[in-house]
2 protein chains.
Amino acid sequence: MVIGVLKCTEENLVALVPKVVAKYIKSDYEVWVEKGAGLASNYTDQQYEEAGAKIVSREKIYTASIIATVSGIEINEIKQFNPEAFVVGKFNARVDSPLLTALKNSGLKAFSLDLLPRSTIAQSMDVLSSLASLAGYKSVVLAADHFAGYLPMMTTSAGTIPPAKVMILGAGVAGLQAIATAKRLGAMVDAFDVRSAVKEEVESLGAKFIEVEGAQEDKGAGGYAVQQSEEYIAKQKELIHETALKADIVITTANIPGREAPLLIEERTVKAMKAGSVIVDMASASGGNVAVSKDDETVKVEGVTVIGDSKLHNHMGTQSSFVYSNNIFNFLSFVMKEGVDNIPYDNEIVANTLLVPVKEAVVA
Amino acid sequence: MVIGVLKCTEENLVALVPKVVAKYIKSDYEVWVEKGAGLASNYTDQQYEEAGAKIVSREKIYTASIIATVSGIEINEIKQFNPEAFVVGKFNARVDSPLLTALKNSGLKAFSLDLLPRSTIAQSMDVLSSLASLAGYKSVVLAADHFAGYLPMMTTSAGTIPPAKVMILGAGVAGLQAIATAKRLGAMVDAFDVRSAVKEEVESLGAKFIEVEGAQEDKGAGGYAVQQSEEYIAKQKELIHETALKADIVITTANIPGREAPLLIEERTVKAMKAGSVIVDMASASGGNVAVSKDDETVKVEGVTVIGDSKLHNHMGTQSSFVYSNNIFNFLSFVMKEGVDNIPYDNEIVANTLLVPVKEAVVA
């Protein structure tokens, strides 16, 4: 088996880092890496070669038995792929796109790891969780860098400086990591989430859990947040508004997969916040949790810095690629554990991530 | 007595923040603030007015009995100042400049707080220490934001990520704060300083103190580093070189007041460092501790990001202005404690900071 790694043209990520090459070789894979594939995430061709990989052209990768990537392949190159190839990536498969349609129609056995179910076994392959964790960490580091004050309390000879106040909306993987990072830096943290089940986790990290009464429970939502009633949303908005006015930094992480993000911070809130405050909207690509945020832009609204960025992991390419590579390796190890002719197509991990229905895939 | 606060045109700092206005009023001062003086550091005219200050024109400030500023006054406005005025600021007084000469020849009683002696009493007025502390914190937050990885160790389902390695050169106020901040974020920290006396402080913060044998002691240097022998410098460079190759982040803080900064990181070191590493040179304005750094610029050298910034406090104007304002207030309280006609000109704090010799000042 040959695993070929395509350079990702959309994100600063690569599907295989030099450290993980040895794992494939140990599992009897031959490893090909496209020239320059790791450069955006600080891995050189030389490092891949030293690890035992072969540096080849992009066209050569098309002939591999497994083609691993992140995102950003071109539709017209798909038909040049080895027709027997397995393709593994993260293709934003909950949102229709020409690439997705092309992959589905290609007859290739293409897996999109953003479709992984949430389960104990799938955890070690869960690219969305890995990247969300990185993004949560980054959101606080980024906000701290934009904030014109200390996060920790400082006792100085010129007086005591109180800790900064950070409000975090959404306590999923990204939110929890954001809470942990803000606490590390010594800030006071308030966190909101519609899922009251996360209260304990939030509190174990040293943050205050702000509760809005009357939330819908999230049974069956696979750990994701569910849509709430209008009354609940109104109450929640008011409480968020009040907490935001005291905050120095606000991080919003409320994404609902494949849906428009809920609006949590209204324009009036931003305008009433303290000058010098910083907001990071991590849901900006799907409509945004913050009324005034713009995706991939930093705007100033009456002294408040509003950063819209749904791909914060992309600023940490070195680390993101490391976790992504491990996730891909774990996924392939699971899928291929009985050999390429005995892929467990009826397993929920395989069935969920495969872009074509199981039977078609088996036929192909 | 009227204290008038001039807008600083050079840095995002203001010599008085709204919170400190009340302290002056309580001490029977009338407080005038130049229109827009606090805007760069996120303090509005309205906040000053609410605190009891009067918003006036720049020209009106010239007539105050005490003129407080940070830096960046124009030579041609000095002659318009009230000839009886006290002027308080931070005029970079160890380096000759036309402004400094003009202030010295003006006959005004001008104090430059960067000339404060290091003493227990002076501590609460020590603007350089306050700003160095902010800069030290900021250096790590800035580097973390440029670094494409985690600082803390992370145990994830995709494998354990070791903590980042941070090397800090110089364990003065800025260096110690940088160590503390890097430790907060969970990094492993190595620190160097020519003053072996700081070893205990470095270790109490959880960092490893890397010792070079044969350092000159710093007796009589007022806590600042002293020039070292050539042999020592060669040994130090080698040890720093070796440590840098393992580091992800390097912060250099070695400033010698009024002198060229020592070169600590050579070009060969930067070129041999890991791609993706980040260097922050806090001595870039006085020649730099890093061979390839450029003042006020971020350059990339073979995958290593090198940030030259000697005024990192300037990116934290809100907080910097708060500590600076308190320092100025404490200084003026000390100088004026027996009244404007009984200034203790022979006290070392007054004698050191006054730009004109004591007798001339008394006559003026």
# chains A, B, ... in the order shown; residues from 1 in each chain; ligands from 1

call {"tool": "interface_residues", "arguments": {"of": "chain B", "to": "chain A", "cutoff": "8 Å", "atoms": "only C-alpha atoms", "output": "ChimeraX atom specification"}}
result
/B:41-43,123-125,130,134,137-138,141-142,144-145,147-150,156-159,181,184-186,275-276,303,315-320,323-324,326-327

call {"tool": "residues_around", "arguments": {"residues": "Leu332 in chain A", "least_positions_apart": "3", "cutoff": "12 Å", "atoms": "only C-alpha atoms", "output": "PyMOL selection string"}}
result
chain A and resi 1+3+15+23-24+27+29+66-68+86-89+111+113+122+124-125+325-329+335-340+343-344+349-350+353

call {"tool": "select_by_dssp", "arguments": {"residues": "range 36-116 of chain B", "states": "alpha helix (DSSP H)", "output": "MDAnalysis selection string"}}
result
chainID B and resid 45:50 58:61 75:78 98:105

call {"tool": "closest_residue", "arguments": {"among": "B:Glu10, B:Glu211, B:Asp295, B:Asp96", "to": "Leu169 in chain B", "atoms": "only C-alpha atoms"}}
result
B:Glu211

call {"tool": "residues_around", "arguments": {"residues": "Thr9 in chain A", "least_positions_apart": "5", "cutoff": "10 Å", "atoms": "only C-alpha atoms", "output": "list in words"}}
result
Val14, Ala37, Ala40, Thr69, Val70, Ser71, Gly72, Ile73 and Glu74 of chain A

call {"tool": "residues_around", "arguments": {"residues": "Asn92 in chain B", "least_positions_apart": "2", "cutoff": "10 Å", "atoms": "only C-alpha atoms", "output": "number ranges by chain"}}
result
B: 71, 89-90, 94-97, 99-100, 112-115, 257-258

call {"tool": "write_last_selection", "arguments": {"atoms": "N, CA, C and O atoms", "output": "mmCIF file, in the first residue's frame"}}
result
data_model
loop_
_atom_site.group_PDB
_atom_site.id
_atom_site.type_symbol
_atom_site.label_atom_id
_atom_site.label_comp_id
_atom_site.auth_asym_id
_atom_site.auth_seq_id
_atom_site.Cartn_x
_atom_site.Cartn_y
_atom_site.Cartn_z
ATOM 1 N N SER B 71 5.986 61.344 26.691
ATOM 2 C CA SER B 71 7.099 61.752 25.843
ATOM 3 C C SER B 71 6.464 62.479 24.668
ATOM 4 O O SER B 71 5.261 62.680 24.627
ATOM 5 N N GLY B 89 7.793 63.909 33.002
ATOM 6 C CA GLY B 89 7.623 62.969 31.887
ATOM 7 C C GLY B 89 8.699 61.916 31.905
ATOM 8 O O GLY B 89 9.345 61.673 32.936
ATOM 9 N N LYS B 90 8.865 61.316 30.759
ATOM 10 C CA LYS B 90 9.833 60.234 30.580
ATOM 11 C C LYS B 90 10.488 60.556 29.249
ATOM 12 O O LYS B 90 9.969 60.248 28.192
ATOM 13 N N ARG B 94 18.846 59.463 29.119
ATOM 14 C CA ARG B 94 20.224 58.946 29.080
ATOM 15 C C ARG B 94 20.821 59.048 27.682
ATOM 16 O O ARG B 94 21.980 58.730 27.463
ATOM 17 N N VAL B 95 20.009 59.446 26.740
ATOM 18 C CA VAL B 95 20.483 59.583 25.362
ATOM 19 C C VAL B 95 20.261 61.035 24.931
ATOM 20 O O VAL B 95 19.159 61.554 25.077
ATOM 21 N N ASP B 96 21.342 61.684 24.445
ATOM 22 C CA ASP B 96 21.215 63.084 24.036
ATOM 23 C C ASP B 96 20.195 63.246 22.919
ATOM 24 O O ASP B 96 20.098 62.405 22.036
ATOM 25 N N SER B 97 19.432 64.337 22.992
ATOM 26 C CA SER B 97 18.468 64.639 21.935
ATOM 27 C C SER B 97 18.186 66.142 21.962
ATOM 28 O O SER B 97 18.379 66.801 22.986
ATOM 29 N N LEU B 99 15.377 67.606 22.089
ATOM 30 C CA LEU B 99 14.343 67.896 23.091
ATOM 31 C C LEU B 99 14.962 67.985 24.481
ATOM 32 O O LEU B 99 14.641 68.892 25.262
ATOM 33 N N LEU B 100 15.869 67.068 24.769
ATOM 34 C CA LEU B 100 16.503 67.033 26.076
ATOM 35 C C LEU B 100 17.290 68.329 26.319
ATOM 36 O O LEU B 100 17.185 68.947 27.383
ATOM 37 N N SER B 112 12.619 63.946 34.567
ATOM 38 C CA SER B 112 12.488 62.803 33.663
ATOM 39 C C SER B 112 12.551 61.534 34.504
ATOM 40 O O SER B 112 13.589 61.204 35.088
ATOM 41 N N LEU B 113 11.438 60.824 34.561
ATOM 42 C CA LEU B 113 11.341 59.695 35.502
ATOM 43 C C LEU B 113 12.137 58.461 35.091
ATOM 44 O O LEU B 113 12.269 57.520 35.878
ATOM 45 N N ASP B 114 12.709 58.499 33.888
ATOM 46 C CA ASP B 114 13.591 57.381 33.539
ATOM 47 C C ASP B 114 14.957 57.520 34.222
ATOM 48 O O ASP B 114 15.806 56.645 34.078
ATOM 49 N N LEU B 115 15.159 58.619 34.954
ATOM 50 C CA LEU B 115 16.416 58.810 35.691
ATOM 51 C C LEU B 115 16.285 58.443 37.166
ATOM 52 O O LEU B 115 17.227 58.624 37.943
ATOM 53 N N PRO B 257 21.279 50.469 30.261
ATOM 54 C CA PRO B 257 20.795 51.848 30.092
ATOM 55 C C PRO B 257 21.844 52.772 29.464
ATOM 56 O O PRO B 257 22.986 52.809 29.904
ATOM 57 N N GLY B 258 21.446 53.479 28.424
ATOM 58 C CA GLY B 258 22.315 54.456 27.790
ATOM 59 C C GLY B 258 23.431 53.860 26.941
ATOM 60 O O GLY B 258 24.276 54.586 26.430
#

call {"tool": "residues_around", "arguments": {"residues": "Val198 in chain B", "least_positions_apart": "5", "cutoff": "10 Å", "atoms": "only C-alpha atoms", "output": "PyMOL selection string"}}
result
chain B and resi 170-172+176+192-193+203-204+209+223

call {"tool": "atom_distance", "arguments": {"atom1": "CA of Ile75 in chain A", "atom2": "CA of Ile61 in chain A"}}
result
15.3 Å
